[in-house]
$ cat final13.csv   # CSV, C-alpha atoms and all ligand atoms
chain,number,residue,atom,x,y,z
A,207,MET,CA,-21.4,-22.2,13.5
A,208,VAL,CA,-17.9,-20.7,13.6
A,209,SER,CA,-15.3,-20.7,16.4
A,210,GLU,CA,-15.3,-17.4,18.3
A,211,ILE,CA,-11.7,-17.1,17.6
A,212,ALA,CA,-10.9,-17.6,13.9
A,213,TYR,CA,-7.4,-17.8,12.4
A,214,GLY,CA,-6.4,-15.8,9.3
A,215,ASN,CA,-3.3,-15.7,7.2
A,216,TRP,CA,-3.1,-12.3,5.5
A,217,ILE,CA,0.4,-11.0,5.3
A,218,THR,CA,1.8,-14.0,7.2
A,219,HIS,CA,1.5,-17.2,5.1
A,220,GLY,CA,3.4,-17.3,1.9
A,221,SER,CA,5.0,-13.9,2.7
A,222,GLN,CA,6.1,-12.7,6.1
A,223,VAL,CA,6.7,-16.1,7.7
A,224,GLU,CA,8.3,-19.3,6.5
A,225,GLU,CA,6.2,-22.4,6.0
A,226,ASP,CA,7.2,-24.1,9.3
A,227,ALA,CA,6.1,-21.1,11.3
A,228,ALA,CA,2.8,-21.0,9.4
A,229,ARG,CA,2.2,-24.6,10.1
A,230,ALA,CA,3.1,-24.2,13.8
A,231,CYS,CA,0.6,-21.4,14.1
A,232,VAL,CA,-2.1,-23.4,12.4
A,233,GLU,CA,-1.3,-26.3,14.7
A,234,ALA,CA,-1.5,-24.1,17.8
A,235,ALA,CA,-4.8,-22.8,16.6
A,236,LEU,CA,-6.2,-26.3,16.1
A,237,ASP,CA,-4.9,-27.4,19.5
A,238,ALA,CA,-6.6,-24.4,21.1
A,239,GLY,CA,-10.0,-25.4,19.5
A,240,VAL,CA,-10.0,-22.9,16.6
A,241,THR,CA,-12.0,-24.5,13.8
A,242,THR,CA,-12.6,-21.5,11.5
A,243,PHE,CA,-9.8,-20.5,9.1
A,244,ASP,CA,-9.9,-17.4,6.9
A,245,THR,CA,-7.8,-16.7,3.8
A,246,ALA,CA,-8.3,-15.0,0.3
A,247,ASP,CA,-7.3,-15.7,-3.2
A,248,VAL,CA,-5.2,-12.5,-3.3
A,249,TYR,CA,-3.1,-13.1,-0.1
A,250,ALA,CA,0.6,-13.4,-1.0
A,251,GLN,CA,-0.4,-13.5,-4.7
A,252,THR,CA,-2.4,-16.8,-4.1
A,253,ARG,CA,0.4,-18.5,-2.1
A,254,ALA,CA,-1.4,-18.1,1.3
A,255,GLU,CA,-4.3,-20.4,0.2
A,256,SER,CA,-1.7,-23.0,-0.8
A,257,VAL,CA,0.1,-22.8,2.5
A,258,LEU,CA,-3.2,-23.1,4.5
A,259,GLY,CA,-4.2,-26.0,2.3
A,260,ARG,CA,-1.0,-27.9,3.1
A,261,ALA,CA,-1.2,-26.9,6.8
A,262,LEU,CA,-4.8,-28.3,7.1
A,263,ALA,CA,-4.2,-31.4,5.0
A,264,GLY,CA,-5.1,-34.5,7.0
A,265,GLN,CA,-7.6,-32.7,9.3
A,266,ARG,CA,-11.2,-34.0,9.5
A,267,ARG,CA,-12.9,-31.8,7.0
A,268,GLU,CA,-16.2,-31.8,8.9
A,269,GLY,CA,-14.4,-30.3,11.9
A,270,LEU,CA,-13.2,-27.2,9.9
A,271,GLU,CA,-14.9,-24.1,8.6
A,272,ILE,CA,-12.7,-22.8,5.7
A,273,ALA,CA,-13.4,-19.3,4.4
A,274,THR,CA,-11.9,-17.5,1.5
A,275,LYS,CA,-12.6,-14.5,-0.7
A,276,VAL,CA,-12.7,-13.1,-4.2
A,277,TYR,CA,-12.4,-9.6,-5.7
A,278,TRP,CA,-8.8,-8.2,-5.5
A,279,PRO,CA,-6.6,-8.9,-8.6
A,280,THR,CA,-5.1,-12.4,-8.9
A,281,GLY,CA,-3.6,-11.9,-12.4
A,282,PRO,CA,-2.9,-9.2,-15.0
A,283,GLY,CA,-6.1,-9.4,-17.0
A,284,ALA,CA,-9.3,-7.3,-16.9
A,285,ASN,CA,-11.2,-10.4,-15.7
A,286,ASP,CA,-8.7,-11.5,-13.1
A,287,ARG,CA,-10.5,-9.2,-10.5
A,288,GLY,CA,-13.9,-8.0,-9.4
A,289,LEU,CA,-17.1,-9.8,-8.9
A,290,SER,CA,-18.2,-10.8,-12.4
A,291,ARG,CA,-19.6,-14.2,-13.0
A,292,LYS,CA,-16.4,-15.1,-15.0
A,293,HIS,CA,-14.0,-14.2,-12.2
A,294,ILE,CA,-16.1,-15.6,-9.4
A,295,ILE,CA,-16.4,-19.0,-11.0
A,296,GLU,CA,-12.7,-19.1,-12.1
A,297,SER,CA,-11.3,-17.9,-8.9
A,298,CYS,CA,-13.4,-20.2,-6.8
A,299,HIS,CA,-12.1,-23.2,-8.8
A,300,ALA,CA,-8.5,-22.0,-8.3
A,301,SER,CA,-9.1,-21.5,-4.6
A,302,LEU,CA,-10.5,-25.0,-4.1
A,303,GLN,CA,-7.4,-26.5,-5.8
A,304,ARG,CA,-5.0,-24.5,-3.7
A,305,LEU,CA,-6.9,-25.2,-0.5
A,306,LYS,CA,-7.1,-28.9,-1.5
A,307,THR,CA,-10.8,-29.2,-0.7
A,308,ASP,CA,-14.0,-29.9,-2.7
A,309,TYR,CA,-15.9,-27.0,-1.1
A,310,VAL,CA,-15.3,-23.9,1.0
A,311,ASP,CA,-17.6,-23.3,3.9
A,312,LEU,CA,-17.8,-19.5,3.4
A,313,TYR,CA,-17.1,-17.6,0.2
A,314,GLN,CA,-16.9,-13.9,0.6
A,315,ALA,CA,-16.9,-10.9,-1.7
A,316,HIS,CA,-13.7,-9.2,-0.6
A,317,ARG,CA,-15.1,-5.7,-1.5
A,318,TYR,CA,-18.1,-4.3,-3.5
A,319,ASP,CA,-17.7,-4.3,-7.3
A,320,ALA,CA,-19.4,-1.2,-8.6
A,321,GLU,CA,-18.7,-2.3,-12.2
A,322,THR,CA,-20.7,-5.6,-12.0
A,323,PRO,CA,-24.5,-5.7,-11.6
A,324,LEU,CA,-25.2,-6.9,-8.1
A,325,GLU,CA,-27.7,-9.5,-9.4
A,326,GLU,CA,-24.9,-11.0,-11.6
A,327,THR,CA,-22.6,-11.4,-8.6
A,328,LEU,CA,-25.3,-12.9,-6.3
A,329,ARG,CA,-26.5,-15.3,-9.0
A,330,ALA,CA,-22.9,-16.5,-9.6
A,331,PHE,CA,-22.5,-17.1,-5.8
A,332,ASP,CA,-25.9,-18.9,-5.7
A,333,ASP,CA,-24.7,-21.1,-8.6
A,334,LEU,CA,-21.7,-22.1,-6.6
A,335,VAL,CA,-23.9,-22.9,-3.6
A,336,ARG,CA,-26.2,-25.0,-5.7
A,337,ALA,CA,-23.1,-26.8,-7.2
A,338,GLY,CA,-21.9,-27.7,-3.7
A,339,LYS,CA,-18.6,-25.8,-4.1
A,340,VAL,CA,-19.6,-23.1,-1.6
A,341,LEU,CA,-21.8,-23.7,1.5
A,342,TYR,CA,-22.4,-20.1,2.6
A,343,VAL,CA,-21.9,-16.7,1.1
A,344,GLY,CA,-20.6,-13.6,2.8
A,345,VAL,CA,-19.3,-10.1,2.1
A,346,SER,CA,-16.4,-8.0,3.4
A,347,GLU,CA,-16.4,-4.2,3.9
A,348,TRP,CA,-19.7,-3.6,2.2
A,349,THR,CA,-21.8,-0.6,3.3
A,350,SER,CA,-25.1,-1.1,5.1
A,351,GLN,CA,-26.9,0.0,1.9
A,352,GLN,CA,-25.0,-2.6,-0.2
A,353,ILE,CA,-25.8,-5.3,2.3
A,354,ALA,CA,-29.4,-4.3,2.4
A,355,ASP,CA,-29.6,-4.3,-1.5
A,356,ALA,CA,-28.0,-7.8,-1.5
A,357,LEU,CA,-30.6,-9.1,1.0
A,358,ARG,CA,-33.4,-7.6,-1.0
A,359,ILE,CA,-32.3,-9.0,-4.3
A,360,ALA,CA,-31.7,-12.4,-2.8
A,361,GLY,CA,-35.2,-12.4,-1.4
A,362,GLU,CA,-36.7,-11.3,-4.7
A,363,MET,CA,-34.8,-13.8,-6.8
A,364,GLY,CA,-34.7,-16.7,-4.4
A,365,PHE,CA,-30.9,-16.6,-4.2
A,366,ASP,CA,-29.0,-17.8,-1.2
A,367,ARG,CA,-28.8,-15.0,1.4
A,368,ILE,CA,-25.5,-13.6,2.7
A,369,VAL,CA,-24.8,-14.9,6.2
A,370,SER,CA,-21.8,-12.8,7.2
A,371,ASN,CA,-19.9,-9.6,6.8
A,372,GLN,CA,-16.2,-9.3,7.4
A,373,PRO,CA,-15.3,-5.8,8.5
A,374,GLN,CA,-12.4,-4.2,10.2
A,375,TYR,CA,-13.4,-3.8,13.9
A,376,SER,CA,-11.4,-3.0,17.0
A,377,MET,CA,-11.4,-0.6,19.9
A,378,LEU,CA,-9.8,1.9,17.5
A,379,TRP,CA,-12.0,1.3,14.5
A,380,ARG,CA,-15.7,1.1,15.3
A,381,VAL,CA,-17.2,2.2,12.0
A,382,ILE,CA,-19.7,-0.7,11.8
A,383,GLU,CA,-21.5,0.2,15.0
A,384,GLY,CA,-23.6,3.1,13.6
A,385,GLU,CA,-25.4,1.5,10.6
A,386,ILE,CA,-24.0,-2.0,9.7
A,387,VAL,CA,-24.5,-3.7,13.1
A,388,PRO,CA,-28.1,-2.5,13.6
A,389,LEU,CA,-29.0,-3.7,10.0
A,390,CYS,CA,-27.2,-7.0,10.4
A,391,GLU,CA,-28.7,-7.7,13.8
A,392,LYS,CA,-32.2,-7.3,12.3
A,393,GLU,CA,-31.4,-9.4,9.3
A,394,GLY,CA,-29.5,-12.2,11.0
A,395,VAL,CA,-26.1,-11.5,9.4
A,396,GLY,CA,-23.1,-12.0,11.7
A,397,GLN,CA,-19.8,-10.0,11.8
A,398,ILE,CA,-16.6,-12.0,11.4
A,399,VAL,CA,-14.2,-9.1,12.2
A,400,TRP,CA,-10.6,-8.5,11.1
A,401,SER,CA,-7.6,-6.9,12.8
A,402,PRO,CA,-9.1,-7.1,16.3
A,403,ILE,CA,-5.7,-6.1,17.8
A,404,ALA,CA,-5.1,-3.5,15.1
A,405,GLN,CA,-2.4,-5.6,13.5
A,406,GLY,CA,-0.4,-5.8,16.7
A,407,VAL,CA,-0.7,-2.1,17.8
A,408,LEU,CA,-3.1,-2.9,20.6
A,409,THR,CA,-0.6,-5.3,22.2
A,410,GLY,CA,1.4,-2.3,23.2
A,411,LYS,CA,4.6,-3.5,21.6
A,412,TYR,CA,4.9,-0.4,19.5
A,413,LYS,CA,6.2,2.3,21.9
A,414,PRO,CA,6.0,6.0,21.3
A,415,GLY,CA,9.3,7.5,20.1
A,416,GLU,CA,10.9,4.1,19.6
A,417,GLN,CA,11.7,2.0,16.6
A,418,PRO,CA,9.3,-0.9,16.0
A,419,PRO,CA,10.5,-4.2,17.5
A,420,ALA,CA,12.6,-6.4,15.2
A,421,GLY,CA,10.5,-9.0,13.3
A,422,SER,CA,7.2,-7.2,13.9
A,423,ARG,CA,4.7,-6.4,11.1
A,424,ALA,CA,5.9,-2.8,11.1
A,425,THR,CA,9.3,-3.9,9.9
A,426,ASP,CA,8.0,-6.2,7.2
A,427,PRO,CA,8.3,-4.7,3.7
A,428,SER,CA,4.6,-5.4,2.8
A,429,GLY,CA,3.0,-5.5,6.2
A,430,GLY,CA,4.6,-2.2,7.2
A,431,ASN,CA,2.6,-0.3,4.7
A,432,PHE,CA,-0.7,-1.3,6.2
A,433,ILE,CA,0.2,-0.6,9.9
A,434,LYS,CA,2.1,2.6,9.5
A,435,VAL,CA,-1.0,4.8,9.6
A,436,MET,CA,-1.4,3.8,13.3
A,437,LEU,CA,2.2,4.3,14.4
A,438,ASN,CA,1.9,7.9,15.7
A,439,ASP,CA,3.0,9.0,19.1
A,440,ASP,CA,-0.4,10.2,20.3
A,441,LEU,CA,-2.1,6.9,19.5
A,442,LEU,CA,0.8,4.8,20.8
A,443,THR,CA,0.9,6.8,24.1
A,444,ARG,CA,-2.8,6.1,24.7
A,445,VAL,CA,-2.4,2.4,23.9
A,446,GLN,CA,0.3,2.3,26.6
A,447,GLN,CA,-2.3,3.6,29.1
A,448,LEU,CA,-4.4,0.5,28.4
A,449,LYS,CA,-1.8,-1.7,30.1
A,450,PRO,CA,-3.1,-1.0,33.6
A,451,VAL,CA,-6.7,-1.7,32.4
A,452,ALA,CA,-5.6,-5.1,31.1
A,453,ASP,CA,-3.6,-5.8,34.2
A,454,ASP,CA,-6.6,-5.1,36.4
A,455,CYS,CA,-8.6,-7.6,34.4
A,456,GLY,CA,-5.8,-10.2,34.6
A,457,LEU,CA,-5.5,-10.1,30.8
A,458,SER,CA,-2.7,-9.5,28.3
A,459,MET,CA,-3.3,-6.5,26.2
A,460,ALA,CA,-4.0,-8.7,23.1
A,461,GLN,CA,-6.6,-10.6,25.1
A,462,LEU,CA,-8.2,-7.3,26.3
A,463,ALA,CA,-8.5,-6.1,22.7
A,464,ILE,CA,-9.9,-9.4,21.3
A,465,ALA,CA,-12.3,-9.7,24.2
A,466,TRP,CA,-13.5,-6.1,23.5
A,467,VAL,CA,-14.7,-7.0,20.0
A,468,LEU,CA,-16.3,-10.2,21.2
A,469,GLN,CA,-18.5,-8.2,23.7
A,470,ASN,CA,-20.5,-7.0,20.6
A,471,PRO,CA,-23.4,-9.6,20.3
A,472,ASN,CA,-23.4,-9.2,16.5
A,473,VAL,CA,-19.8,-10.3,16.3
A,474,SER,CA,-19.7,-14.0,15.6
A,475,ALA,CA,-15.9,-14.4,15.5
A,476,ALA,CA,-12.7,-12.4,15.8
A,477,ILE,CA,-10.1,-13.3,13.1
A,478,ILE,CA,-6.6,-13.2,14.6
A,479,GLY,CA,-3.3,-13.2,12.7
A,480,ALA,CA,-0.1,-14.6,14.1
A,481,THR,CA,3.5,-15.0,13.2
A,482,ARG,CA,4.3,-17.4,16.0
A,483,PRO,CA,2.4,-20.0,18.0
A,484,GLU,CA,2.9,-18.2,21.3
A,485,GLN,CA,0.8,-15.3,19.9
A,486,VAL,CA,-2.0,-17.8,19.1
A,487,LYS,CA,-1.9,-19.2,22.6
A,488,ASP,CA,-2.0,-15.7,24.1
A,489,ASN,CA,-4.9,-14.5,21.8
A,490,VAL,CA,-7.3,-17.5,22.0
A,491,ALA,CA,-7.5,-17.0,25.8
A,492,ALA,CA,-9.7,-14.0,25.0
A,493,SER,CA,-12.6,-16.4,24.2
A,494,GLY,CA,-15.3,-16.3,26.7
A,495,VAL,CA,-14.0,-13.3,28.7
A,496,LYS,CA,-16.7,-10.9,29.9
A,497,LEU,CA,-15.6,-7.2,30.3
A,498,ASP,CA,-17.5,-5.2,32.8
A,499,ARG,CA,-19.1,-1.8,31.9
A,500,ASP,CA,-16.5,0.1,33.9
A,501,VAL,CA,-13.7,-1.6,32.0
A,502,LEU,CA,-15.3,-0.5,28.7
A,503,GLU,CA,-15.7,3.0,30.0
A,504,ARG,CA,-12.0,3.1,31.1
A,505,ILE,CA,-11.0,2.0,27.5
A,506,ASP,CA,-13.2,4.8,26.0
A,507,GLY,CA,-11.7,7.3,28.3
A,508,VAL,CA,-8.1,6.4,27.4
A,509,LEU,CA,-8.7,6.2,23.6
A,510,GLY,CA,-10.9,9.4,23.4
A,511,GLU,CA,-11.0,11.0,20.0
A,512,THR,CA,-8.5,8.6,18.4
A,513,VAL,CA,-11.4,6.2,18.0
A,514,ILE,CA,-12.8,6.2,14.4
A,515,SER,CA,-16.6,5.7,14.2
A,516,ASP,CA,-17.7,7.4,11.0
A,517,PRO,CA,-19.8,4.9,9.0
A,518,ALA,CA,-18.6,6.6,5.7
A,519,ARG,CA,-15.2,5.0,6.3
A,520,THR,CA,-16.6,1.7,5.1
A,521,ALA,CA,-15.8,1.9,1.4
A,522,SER,CA,-14.8,-0.2,-1.6
A,523,PRO,CA,-12.7,1.2,-4.6
A,524,PRO,CA,-15.0,3.2,-6.9
A,525,THR,CA,-13.8,1.1,-9.9
A,526,ARG,CA,-12.2,-2.3,-10.1
A,527,PRO,CA,-8.6,-2.3,-8.7
B,1,LIG,N1,-11.5,-8.8,4.7
B,1,LIG,C1,-10.5,-8.0,4.7
B,1,LIG,O1,-10.4,-7.0,3.9
B,1,LIG,C2,-9.3,-8.3,5.7
B,1,LIG,C3,-8.3,-7.3,5.8
B,1,LIG,C4,-7.3,-7.6,6.7
B,1,LIG,C5,-7.3,-8.8,7.4
B,1,LIG,N2,-8.4,-9.7,7.2
B,1,LIG,C6,-8.4,-11.0,7.9
B,1,LIG,O2,-8.2,-10.9,9.3
B,1,LIG,C7,-7.1,-11.6,9.7
B,1,LIG,C8,-6.4,-11.0,10.8
B,1,LIG,O3,-5.9,-9.7,10.4
B,1,LIG,P1,-4.6,-9.2,11.2
B,1,LIG,O4,-3.5,-10.1,10.9
B,1,LIG,O5,-4.4,-7.8,10.8
B,1,LIG,O6,-5.1,-9.3,12.7
B,1,LIG,P2,-4.5,-8.9,14.1
B,1,LIG,O7,-4.8,-10.1,14.9
B,1,LIG,O8,-5.1,-7.6,14.5
B,1,LIG,O9,-2.9,-8.7,13.9
B,1,LIG,C9,-2.1,-9.9,13.8
B,1,LIG,C10,-0.6,-9.5,13.9
B,1,LIG,O10,-0.4,-8.9,15.2
B,1,LIG,C11,0.8,-9.5,15.8
B,1,LIG,N3,0.4,-10.2,17.0
B,1,LIG,C12,-0.6,-11.1,17.1
B,1,LIG,N4,-0.8,-11.6,18.3
B,1,LIG,C13,0.2,-11.0,19.1
B,1,LIG,C14,0.5,-11.0,20.4
B,1,LIG,N5,-0.2,-11.8,21.3
B,1,LIG,N6,1.5,-10.2,20.9
B,1,LIG,C15,2.2,-9.5,20.0
B,1,LIG,N7,1.9,-9.4,18.7
B,1,LIG,C16,0.9,-10.1,18.2
B,1,LIG,C17,1.4,-10.4,14.7
B,1,LIG,O11,2.3,-9.7,13.9
B,1,LIG,P3,3.9,-9.5,14.1
B,1,LIG,O12,4.3,-10.7,15.0
B,1,LIG,O13,4.4,-9.5,12.7
B,1,LIG,O14,4.0,-8.2,14.7
B,1,LIG,C18,0.2,-10.8,13.9
B,1,LIG,O15,0.5,-11.2,12.6
B,1,LIG,C19,-6.3,-11.8,8.4
B,1,LIG,O16,-5.4,-12.9,8.4
B,1,LIG,C20,-7.4,-12.0,7.4
B,1,LIG,O17,-7.8,-13.3,7.5
B,1,LIG,C21,-9.3,-9.4,6.4
$ encode --input "final13.csv" --output "structure tokens"
Amino acid sequence: MVSEIAYGNWITHGSQVEEDAARACVEAALDAGVTTFDTADVYAQTRAESVLGRALAGQRREGLEIATKVYWPTGPGANDRGLSRKHIIESCHASLQRLKTDYVDLYQAHRYDAETPLEETLRAFDDLVRAGKVLYVGVSEWTSQQIADALRIAGEMGFDRIVSNQPQYSMLWRVIEGEIVPLCEKEGVGQIVWSPIAQGVLTGKYKPGEQPPAGSRATDPSGGNFIKVMLNDDLLTRVQQLKPVADDCGLSMAQLAIAWVLQNPNVSAAIIGATRPEQVKDNVAASGVKLDRDVLERIDGVLGETVISDPARTASPPTRP
């Protein structure tokens, strides 16, 4: 079980925000009933895991689900990346130390590694499960074919099956709906989705023709690179038109966006990011909200052809990064 709203610390912990702001956000999440926390070895060059480990220290371990990931480079060497047995085992041990825990609840392949035989990757994950260092295994941004292959090999070899996929999913980015969700529904794999408010864009705070607000992700030297592709006037104008839809539902725009991803029955959790505790409080209120069909239709009408749905947009680097 995971909490419907999960808290993630990409770009924020160890990078965009100071440690006290990070702790305040984690406390706000815990106070609101969030029990699932998502990070990765690569976030802030490994610092994000350390910040989260300190922020969660003293919590009842049984009351938390801690998820982390492996794949992107964490050092200069050829084996500091990817999904080889060597890197998976080494990176998992380093993550456990930084997170100050004996095991992670969910260990995720952060992309697909075309340079490692899939069987080697799955066997290394399975070894970690058997050693009690990882309780469940998941993937992130794998294609439906890659997920199907992993499930087939796990069945043939008796390996632990993957239980979750972590894809990007929002009103604007729906690429999992065509192939991945139907497969995962059939196979009992849940989606733990990232960037449900499109990194802040769906809050409506980025206005067409205006500079981004001070202190927002768009003004952050590293975060700005990830969000800038969405900061065009057509998209931002349409997002402003979602405000009356949110108002009519009695929701903030962030709540509308998070509630939207949670309407998909294959979505187990939405991972929210935050730079301040007020955002956490705003966002967690999306839990349990039911959106009527006419609301969903109004959203589709506003966003029109800006919505991206092509399944081919799910992709990992062709070679190790
Ligand atoms: N698997 C992957 O490849 C992958 C990739 C990306 C993310 N993730 C996971 O998903 C998590 C969430 O991603 P994300 O941070 O992009 O998610 P997001 O929830 O779409 O965006 C979060 C950002 O939006 C702004 N924000 C949040 N709530 C707000 C509110 N109520 N009002 C105004 N602004 C608000 C904050 O940035 P500012 O205050 O700075 O504007 C916050 O840091 C990550 O931490 C990570 O765990 C995974």
$ residues_around --input "final13.csv" --residues "Ala315 (chain A)" --least-positions-apart "4" --cutoff "9 Å" --atoms "all atoms listed in the file" --output "number ranges by chain"
A: 274-277, 288-289, 319, 327, 343-348
$ write_last_selection --input "final13.csv" --atoms "C-alpha atoms" --output "short mmCIF file (atom, residue, chain, number, x, y, z; two decimals), keeping the file's coordinate frame"
data_model
loop_
_atom_site.label_atom_id
_atom_site.label_comp_id
_atom_site.auth_asym_id
_atom_site.auth_seq_id
_atom_site.Cartn_x
_atom_site.Cartn_y
_atom_site.Cartn_z
CA THR A 274 -11.90 -17.50 1.50
CA LYS A 275 -12.60 -14.50 -0.70
CA VAL A 276 -12.70 -13.10 -4.20
CA TYR A 277 -12.40 -9.60 -5.70
CA GLY A 288 -13.90 -8.00 -9.40
CA LEU A 289 -17.10 -9.80 -8.90
CA ASP A 319 -17.70 -4.30 -7.30
CA THR A 327 -22.60 -11.40 -8.60
CA VAL A 343 -21.90 -16.70 1.10
CA GLY A 344 -20.60 -13.60 2.80
CA VAL A 345 -19.30 -10.10 2.10
CA SER A 346 -16.40 -8.00 3.40
CA GLU A 347 -16.40 -4.20 3.90
CA TRP A 348 -19.70 -3.60 2.20
#
$ closest_residue --input "final13.csv" --among "A:Ser422, A:Thr512, A:Gln397, A:Thr252" --to "ligand LIG 1 (chain B)" --atoms "only C-alpha atoms and all ligand atoms"
A:Ser422
$ closest_residue --input "final13.csv" --among "A:Val369, A:Met363, A:Ile398, A:Val435" --to "ligand LIG 1 (chain B)" --atoms "only C-alpha atoms and all ligand atoms"
A:Ile398
$ atom_distance --input "final13.csv" --atom1 "atom C7 of ligand LIG 1 (chain B)" --atom2 "CA of Arg287 (chain A)"
20.6 Å
$ residues_around --input "final13.csv" --residues "Pro523 (chain A)" --least-positions-apart "5" --cutoff "10 Å" --atoms "only C-alpha atoms" --output "PyMOL selection string"
chain A and resi 317-320
$ atom_distance --input "final13.csv" --atom1 "CA of Val381 (chain A)" --atom2 "CA of Lys496 (chain A)"
22.2 Å
$ closest_atom_pairs --input "final13.csv" --of "chain A" --to "ligand LIG 1 (chain B)" --cutoff "8 Å" --atoms "only C-alpha atoms and all ligand atoms" --output "tab-separated table"
residue	atom	partner	partner_atom	distance
A:Tyr213	CA	B:LIG1	O16	6.6
A:Gly214	CA	B:LIG1	O16	3.2
A:Asn215	CA	B:LIG1	O16	3.7
A:Trp216	CA	B:LIG1	O16	3.7
A:Ile217	CA	B:LIG1	O16	6.8
A:Thr218	CA	B:LIG1	O15	6.2
A:Gln222	CA	B:LIG1	O13	7.5
A:Phe243	CA	B:LIG1	O17	7.6
A:Asp244	CA	B:LIG1	O17	4.6
A:Thr245	CA	B:LIG1	O17	5.0
A:Ala246	CA	B:LIG1	O17	7.4
A:Lys275	CA	B:LIG1	N1	7.9
A:His316	CA	B:LIG1	N1	5.8
A:Arg317	CA	B:LIG1	O1	7.3
A:Ser346	CA	B:LIG1	N1	5.1
A:Glu347	CA	B:LIG1	O1	6.6
A:Gln372	CA	B:LIG1	N1	5.4
A:Pro373	CA	B:LIG1	N1	6.2
A:Gln374	CA	B:LIG1	C3	6.8
A:Val399	CA	B:LIG1	O2	6.9
A:Trp400	CA	B:LIG1	O2	3.8
A:Ser401	CA	B:LIG1	O8	3.1
A:Pro402	CA	B:LIG1	O8	4.4
A:Ile403	CA	B:LIG1	O8	3.7
A:Ala404	CA	B:LIG1	O8	4.1
A:Gln405	CA	B:LIG1	O9	3.2
A:Gly406	CA	B:LIG1	O10	3.4
A:Val407	CA	B:LIG1	O10	7.3
A:Leu408	CA	B:LIG1	O8	8.0
A:Thr409	CA	B:LIG1	N6	5.5
A:Gly410	CA	B:LIG1	C15	7.9
A:Lys411	CA	B:LIG1	C15	6.7
A:Gly421	CA	B:LIG1	O13	6.1
A:Ser422	CA	B:LIG1	O14	3.4
A:Arg423	CA	B:LIG1	O13	3.5
A:Ala424	CA	B:LIG1	O14	6.8
A:Thr425	CA	B:LIG1	O13	8.0
A:Asp426	CA	B:LIG1	O13	7.4
A:Gly429	CA	B:LIG1	O13	7.8
A:Ser458	CA	B:LIG1	N5	7.8
A:Met459	CA	B:LIG1	N5	7.9
A:Ala460	CA	B:LIG1	N5	5.2
A:Gln461	CA	B:LIG1	N5	7.5
A:Ile477	CA	B:LIG1	C7	4.8
A:Ile478	CA	B:LIG1	O7	3.6
A:Gly479	CA	B:LIG1	O4	3.6
A:Ala480	CA	B:LIG1	O15	3.8
A:Thr481	CA	B:LIG1	O12	4.7
A:Arg482	CA	B:LIG1	O12	6.8
A:Glu484	CA	B:LIG1	N5	7.1
A:Gln485	CA	B:LIG1	N5	3.9
A:Val486	CA	B:LIG1	N4	6.4
A:Lys487	CA	B:LIG1	N5	7.7
A:Asp488	CA	B:LIG1	N5	5.1
A:Asn489	CA	B:LIG1	N5	5.4
$ closest_residue --input "final13.csv" --among "A:Ile211, A:Leu324, A:Thr443, A:Gln314" --to "Ala465 (chain A)" --atoms "only C-alpha atoms"
A:Ile211
$ atom_distance --input "final13.csv" --atom1 "CA of Leu378 (chain A)" --atom2 "CA of Val445 (chain A)"
9.8 Å
$ closest_residue --input "final13.csv" --among "A:Cys390, A:Val223, A:Leu258, A:Ile353" --to "Ser474 (chain A)" --atoms "all atoms listed in the file"
A:Cys390
